[in-house]
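One structure below.
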Amino acid sequence: MVIKSVELSLVCGVTSKIPAGTLPEFAFAGRSNVGKSTLINGLMNRKALARVSSQPGKTQTINYYRINEQFHLVDLPGYGYARANVKVKEQWGKMIERYLSTSAQLRAVFLLLDIRHEPTGQDVMMYDWILQAGITPVIIATKSDKIKRSQLQKQVALLRRTLREESHVLPDKEAGQIRIIPWSGQTKAGREEIYAVLDQLLTQGPADGTQAAEAEESVQGVTPDSAAE
Ligand SMILES: Nc1nc2c(ncn2[C@@H]2O[C@H](COP(=O)(O)OP(=O)(O)OP(=O)(O)O)[C@@H](O)[C@H]2O)c(=O)[nH]1
Ligand SMILES: [Mg+2]
């Protein structure tokens, strides 16, 4: 994938209507501070178009970035921000649910998990929401530069195992196929693999059950065996 143009095309507030849109969308979900905005900047080759902050809870709107006049990367607000009040948390849940259920152009959701930590209950809940919406979830294991290379395989296995064991929705037969791509915002390791997923889903047309299943088989994710390479 070659990035020719990027622009922030739309900012959607908590209470606003989710726009219908015409371009394919790829959304980025995950805990506050997990690195969603950093990943979007990395994919766009921009240092700071998406706001990055050491303060959690920075992105509290749904931000649409238009790439190559061809598709949107959608930065979703992070969850698990302890200092957010109850009302904000409630609004957040409604907004994400509304986005997942009404966005006709959504091709995949990248769920970001910190490679260093076991996924939380909220992470698993988010994973289940994505599955229930009939959308392909792709796990991005962020901050891979913060662990030793020798720990990579073990941590990827921990993420996979927790999702498999804790998910209430994941069908058994698919449990071994959870696609996990380690990524570093510092070294950009993993970027080509993420571009390959985007390319693949863009050429496939709108996601329905069958196409998602085919994508699952044909896109190479990191399996426990290949993670150590
Ligand atoms: N070392 C390292 N730091 C990262 C990486 N990704 C993000 N960070 C840092 O983690 C912090 C949070 O990153 P953001 O991209 O703002 O996280 P976010 O998920 O968008 O957070 P919210 O907008 O609050 O939901 C920043 O200090 C980033 O520099 C990574 O891959 N490696
Ligand atoms: Mg952000």
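How things are named: the first chain in the structure tokens is A, the next is B, and so on; residues count from 1 in each chain; ligands count from 1 in the order shown.
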Q: Might you pull out every residue within 12 Å of Pro24 in chain A, with only C-alpha atoms counted and same-chain residues fewer than 3 positions away left off, and present them as a VMD selection string?
A: chain A and resid 20 to 21 27 64 to 74 103 to 109 198 to 199 201 to 207
Could the residues in this selection be written to a file with C-alpha atoms, as a compact mmCIF listing (two decimals), in the first residue's frame?
# COMPACT_ATOMS: atom_id res chain seq x y z
CA ALA A 20 -23.69 7.01 6.42
CA GLY A 21 -20.52 7.43 4.37
CA ALA A 27 -11.92 1.14 12.76
CA TYR A 64 -12.41 9.73 10.36
CA TYR A 65 -9.18 9.97 8.37
CA ARG A 66 -9.58 9.74 4.60
CA ILE A 67 -6.72 7.90 2.86
CA ASN A 68 -5.98 8.14 -0.89
CA GLU A 69 -9.60 9.29 -1.42
CA GLN A 70 -10.25 5.55 -1.16
CA PHE A 71 -11.05 4.54 2.42
CA HIS A 72 -11.36 5.79 6.00
CA LEU A 73 -9.34 4.88 9.07
CA VAL A 74 -11.62 5.50 12.04
CA SER A 103 -21.78 1.68 9.96
CA ALA A 104 -22.60 0.02 6.63
CA GLN A 105 -19.10 0.59 5.26
CA LEU A 106 -17.20 -1.07 8.10
CA ARG A 107 -14.87 -3.76 6.73
CA ALA A 108 -12.84 -4.67 9.83
CA VAL A 109 -12.14 -3.54 13.36
CA LEU A 198 -6.16 -3.48 4.44
CA ASP A 199 -5.29 -4.27 0.80
CA LEU A 201 -10.15 -6.39 2.58
CA LEU A 202 -10.33 -3.46 0.13
CA THR A 203 -10.21 -5.74 -2.90
CA GLN A 204 -12.77 -8.08 -1.40
CA GLY A 205 -15.75 -5.74 -1.22
CA PRO A 206 -18.20 -5.37 1.66
CA ALA A 207 -17.76 -7.87 4.44
Q.
List the spatial neighbours of Asp123 in chain A as a VMD selection string - criterion: any atom at most 9 Å away, only C-alpha atoms, same-chain residues fewer than 6 positions off excluded.
A. chain A and resid 30 to 31 79 to 80 111 to 113 163
Q | Neighbourhood of ligand 2 at 12 Å, counting only C-alpha atoms and all ligand atoms, reported as a count of residues only | A | 38
Q | Using only C-alpha atoms and all ligand atoms: which of A:Gln132, A:Ser144, A:Gln177, A:Gln200 has the shortest distance to ligand 1 | A | A:Ser144
Q.
Using DSSP secondary structure from the backbone, list all strand (DSSP E) positions within chain A, as number ranges by chain.
A. A: 6-12, 25-30, 62-67, 71-75, 106-114, 136-142, 180-182
Any chance you can output those residues with N, CA and C atoms as a compact mmCIF listing (two decimals), in the first residue's frame?
# COMPACT_ATOMS: atom_id res chain seq x y z
N VAL A 6 -3.68 11.97 2.88
CA VAL A 6 -4.43 11.73 4.12
C VAL A 6 -5.05 13.03 4.57
N GLU A 7 -6.26 12.96 5.07
CA GLU A 7 -6.86 14.15 5.69
C GLU A 7 -7.86 13.75 6.74
N LEU A 8 -7.95 14.58 7.77
CA LEU A 8 -9.00 14.37 8.79
C LEU A 8 -10.29 14.83 8.13
N SER A 9 -11.18 13.90 7.83
CA SER A 9 -12.34 14.32 7.04
C SER A 9 -13.58 14.56 7.90
N LEU A 10 -13.62 13.97 9.10
CA LEU A 10 -14.83 14.15 9.91
C LEU A 10 -14.55 13.86 11.38
N VAL A 11 -15.14 14.65 12.24
CA VAL A 11 -15.08 14.38 13.67
C VAL A 11 -16.52 14.26 14.17
N CYS A 12 -16.80 13.13 14.79
CA CYS A 12 -18.18 12.84 15.19
C CYS A 12 -18.26 12.85 16.72
N GLU A 25 -14.59 1.53 5.54
CA GLU A 25 -14.02 1.99 6.81
C GLU A 25 -13.30 0.86 7.55
N PHE A 26 -12.19 1.24 8.18
CA PHE A 26 -11.47 0.34 9.09
C PHE A 26 -11.37 1.07 10.42
N ALA A 27 -11.89 0.44 11.47
CA ALA A 27 -11.92 1.14 12.76
C ALA A 27 -10.85 0.59 13.70
N PHE A 28 -10.45 1.44 14.66
CA PHE A 28 -9.41 1.09 15.63
C PHE A 28 -9.97 1.26 17.02
N ALA A 29 -10.07 0.15 17.75
CA ALA A 29 -10.67 0.17 19.08
C ALA A 29 -9.64 -0.33 20.09
N GLY A 30 -9.85 0.04 21.34
CA GLY A 30 -8.95 -0.43 22.39
C GLY A 30 -8.97 0.49 23.59
N ILE A 62 -15.28 10.26 17.54
CA ILE A 62 -14.91 9.32 16.48
C ILE A 62 -14.32 10.15 15.34
N ASN A 63 -13.05 9.93 15.05
CA ASN A 63 -12.35 10.72 14.03
C ASN A 63 -12.12 9.89 12.77
N TYR A 64 -12.54 10.43 11.65
CA TYR A 64 -12.41 9.73 10.36
C TYR A 64 -11.26 10.34 9.56
N TYR A 65 -10.30 9.51 9.20
CA TYR A 65 -9.18 9.97 8.37
C TYR A 65 -9.33 9.36 6.97
N ARG A 66 -9.40 10.23 5.97
CA ARG A 66 -9.58 9.74 4.60
C ARG A 66 -8.21 9.51 3.96
N ILE A 67 -8.01 8.30 3.45
CA ILE A 67 -6.72 7.90 2.86
C ILE A 67 -6.89 7.69 1.36
N PHE A 71 -10.46 5.17 1.24
CA PHE A 71 -11.05 4.54 2.42
C PHE A 71 -10.83 5.41 3.66
N HIS A 72 -11.52 5.06 4.74
CA HIS A 72 -11.36 5.79 6.00
C HIS A 72 -10.73 4.91 7.07
N LEU A 73 -9.78 5.47 7.81
CA LEU A 73 -9.34 4.88 9.07
C LEU A 73 -10.11 5.62 10.16
N VAL A 74 -10.73 4.88 11.06
CA VAL A 74 -11.62 5.50 12.04
C VAL A 74 -11.07 5.28 13.46
N ASP A 75 -10.70 6.39 14.09
CA ASP A 75 -10.12 6.37 15.44
C ASP A 75 -11.26 6.44 16.45
N LEU A 106 -18.27 -0.53 7.25
CA LEU A 106 -17.20 -1.07 8.10
C LEU A 106 -16.72 -2.43 7.59
N ARG A 107 -15.43 -2.51 7.28
CA ARG A 107 -14.87 -3.76 6.73
C ARG A 107 -14.17 -4.60 7.81
N ALA A 108 -13.56 -3.94 8.77
CA ALA A 108 -12.84 -4.67 9.83
C ALA A 108 -12.64 -3.74 11.01
N VAL A 109 -12.53 -4.32 12.20
CA VAL A 109 -12.14 -3.54 13.36
C VAL A 109 -10.81 -4.08 13.87
N PHE A 110 -9.84 -3.21 13.98
CA PHE A 110 -8.57 -3.57 14.59
C PHE A 110 -8.72 -3.32 16.09
N LEU A 111 -8.62 -4.40 16.85
CA LEU A 111 -8.70 -4.26 18.31
C LEU A 111 -7.28 -4.27 18.85
N LEU A 112 -6.89 -3.18 19.49
CA LEU A 112 -5.52 -3.04 19.98
C LEU A 112 -5.42 -3.53 21.41
N LEU A 113 -4.42 -4.38 21.65
CA LEU A 113 -4.14 -4.89 22.99
C LEU A 113 -2.67 -4.65 23.27
N ASP A 114 -2.35 -4.20 24.47
CA ASP A 114 -0.96 -4.00 24.86
C ASP A 114 -0.28 -5.37 24.97
N THR A 136 -15.11 -8.49 11.06
CA THR A 136 -13.86 -9.22 11.28
C THR A 136 -13.00 -8.49 12.30
N PRO A 137 -12.67 -9.14 13.45
CA PRO A 137 -11.73 -8.49 14.35
C PRO A 137 -10.29 -8.90 14.01
N VAL A 138 -9.40 -7.93 14.01
CA VAL A 138 -7.98 -8.21 13.83
C VAL A 138 -7.28 -7.65 15.06
N ILE A 139 -6.53 -8.50 15.75
CA ILE A 139 -5.87 -8.04 16.98
C ILE A 139 -4.51 -7.45 16.63
N ILE A 140 -4.26 -6.25 17.13
CA ILE A 140 -2.93 -5.64 17.01
C ILE A 140 -2.33 -5.61 18.41
N ALA A 141 -1.19 -6.28 18.57
CA ALA A 141 -0.50 -6.30 19.85
C ALA A 141 0.49 -5.13 19.85
N THR A 142 0.12 -4.06 20.56
CA THR A 142 0.90 -2.81 20.48
C THR A 142 2.10 -2.79 21.44
N ILE A 180 -3.40 -12.22 15.08
CA ILE A 180 -2.73 -11.27 15.97
C ILE A 180 -1.47 -10.75 15.28
N ILE A 181 -1.37 -9.44 15.15
CA ILE A 181 -0.21 -8.83 14.50
C ILE A 181 0.52 -7.94 15.51
N PRO A 182 1.75 -8.31 15.90
CA PRO A 182 2.52 -7.42 16.78
C PRO A 182 2.93 -6.15 16.03
Q: Once DSSP has gone over the backbone, tell me which residues of range 12-209 of chain A are in alpha helix (DSSP H), as JSON, numbers by chain.
A: {"A": [36, 37, 38, 39, 40, 41, 42, 43, 44, 86, 87, 88, 89, 90, 91, 92, 93, 94, 95, 96, 97, 98, 99, 100, 101, 102, 121, 122, 123, 124, 125, 126, 127, 128, 129, 130, 131, 132, 152, 153, 154, 155, 156, 157, 158, 159, 160, 161, 162, 163, 164, 165, 166, 191, 192, 193, 194, 195, 196, 197, 198, 199, 200, 201, 202, 203, 204, 209]}
(Q) Please list as number ranges by chain every residue within 9 Å of Gln91 in chain A, counting only C-alpha atoms and excluding residues in the same chain fewer than 5 positions away. (A) A: 14-15, 86, 96
Q.
Here is a test: counting only C-alpha atoms, which residue of A:Met1, A:Val88, A:Leu158, A:Leu100 is nearest to Arg191 in chain A?
A.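 Once distances to Arg191 in chain A are computed over only C-alpha atoms, the minimum belongs to A:Met1.
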Q: Counting only C-alpha atoms and all ligand atoms, figure out which residue out of A:Ile178, A:Ile3, A:Val197, A:Ala189 gets nearest to ligand 1.
A: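 Of all the options, A:Ala189 lies closest to ligand 1.
Among A:His117, A:Lys4, A:Lys17, A:Lys188, the residue with the shortest atom-to-atom distance to Tyr99 in chain A, counting only C-alpha atoms, is A:Lys17.
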Q. Which is closest to ligand 1 among A:Ile115, A:Leu131, A:Ile18, A:Met125, if we use only C-alpha atoms and all ligand atoms?
A.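 Ranked by minimum distance to ligand 1, first place goes to A:Ile115.
Note that atom 31 (O, counted along the ligand's line) of ligand 1 and CA of Thr187 in chain A are 7.8 Å apart.
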Q: Just give me the gap between CA of Gln153 in chain A and atom 23 (O, counted along the ligand's line) of ligand 1 in Å, one decimal is fine.
A: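 Between CA of Gln153 in chain A and atom 23 (O, counted along the ligand's line) of ligand 1 the gap is 27.1 Å.
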Q.
What does the structure give for the distance between CA of Gly185 in chain A and CA of Gln151 in chain A, in Å to one decimal?
A.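 Separating CA of Gly185 in chain A from CA of Gln151 in chain A is a distance of 17.8 Å.
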(Q) Taking 5 positions as the minimum chain separation for residues in the same chain, which residues sit within 7 Å of Pro119 in chain A when counting only C-alpha atoms? Answer as a PyMOL selection string. (A) chain A and resi 113+124+159+162
Output of the above residues as a PDB file, in the first residue's frame, restricted to N, CA and C atoms:
ATOM      1  N   LEU A 113      -4.424  -4.381  21.650  1.00  0.00           N
ATOM      2  CA  LEU A 113      -4.140  -4.888  22.992  1.00  0.00           C
ATOM      3  C   LEU A 113      -2.666  -4.648  23.265  1.00  0.00           C
ATOM      4  N   VAL A 124     -12.087  -8.095  26.341  1.00  0.00           N
ATOM      5  CA  VAL A 124     -12.820  -9.272  25.862  1.00  0.00           C
ATOM      6  C   VAL A 124     -14.241  -8.880  25.450  1.00  0.00           C
ATOM      7  N   LEU A 159      -2.259 -13.432  24.744  1.00  0.00           N
ATOM      8  CA  LEU A 159      -3.410 -12.682  24.220  1.00  0.00           C
ATOM      9  C   LEU A 159      -4.407 -13.642  23.577  1.00  0.00           C
ATOM     10  N   THR A 162      -6.226 -15.867  26.251  1.00  0.00           N
ATOM     11  CA  THR A 162      -7.227 -15.141  27.046  1.00  0.00           C
ATOM     12  C   THR A 162      -8.487 -14.882  26.229  1.00  0.00           C
TER      13      THR A 162
END
Q.
Between A:His168, A:Lys143, A:Lys154, A:Arg116, which residue has the minimum interatomic distance to ligand 1, considering only C-alpha atoms and all ligand atoms?
A.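 Selected residue with least distance to ligand 1: A:Lys143.
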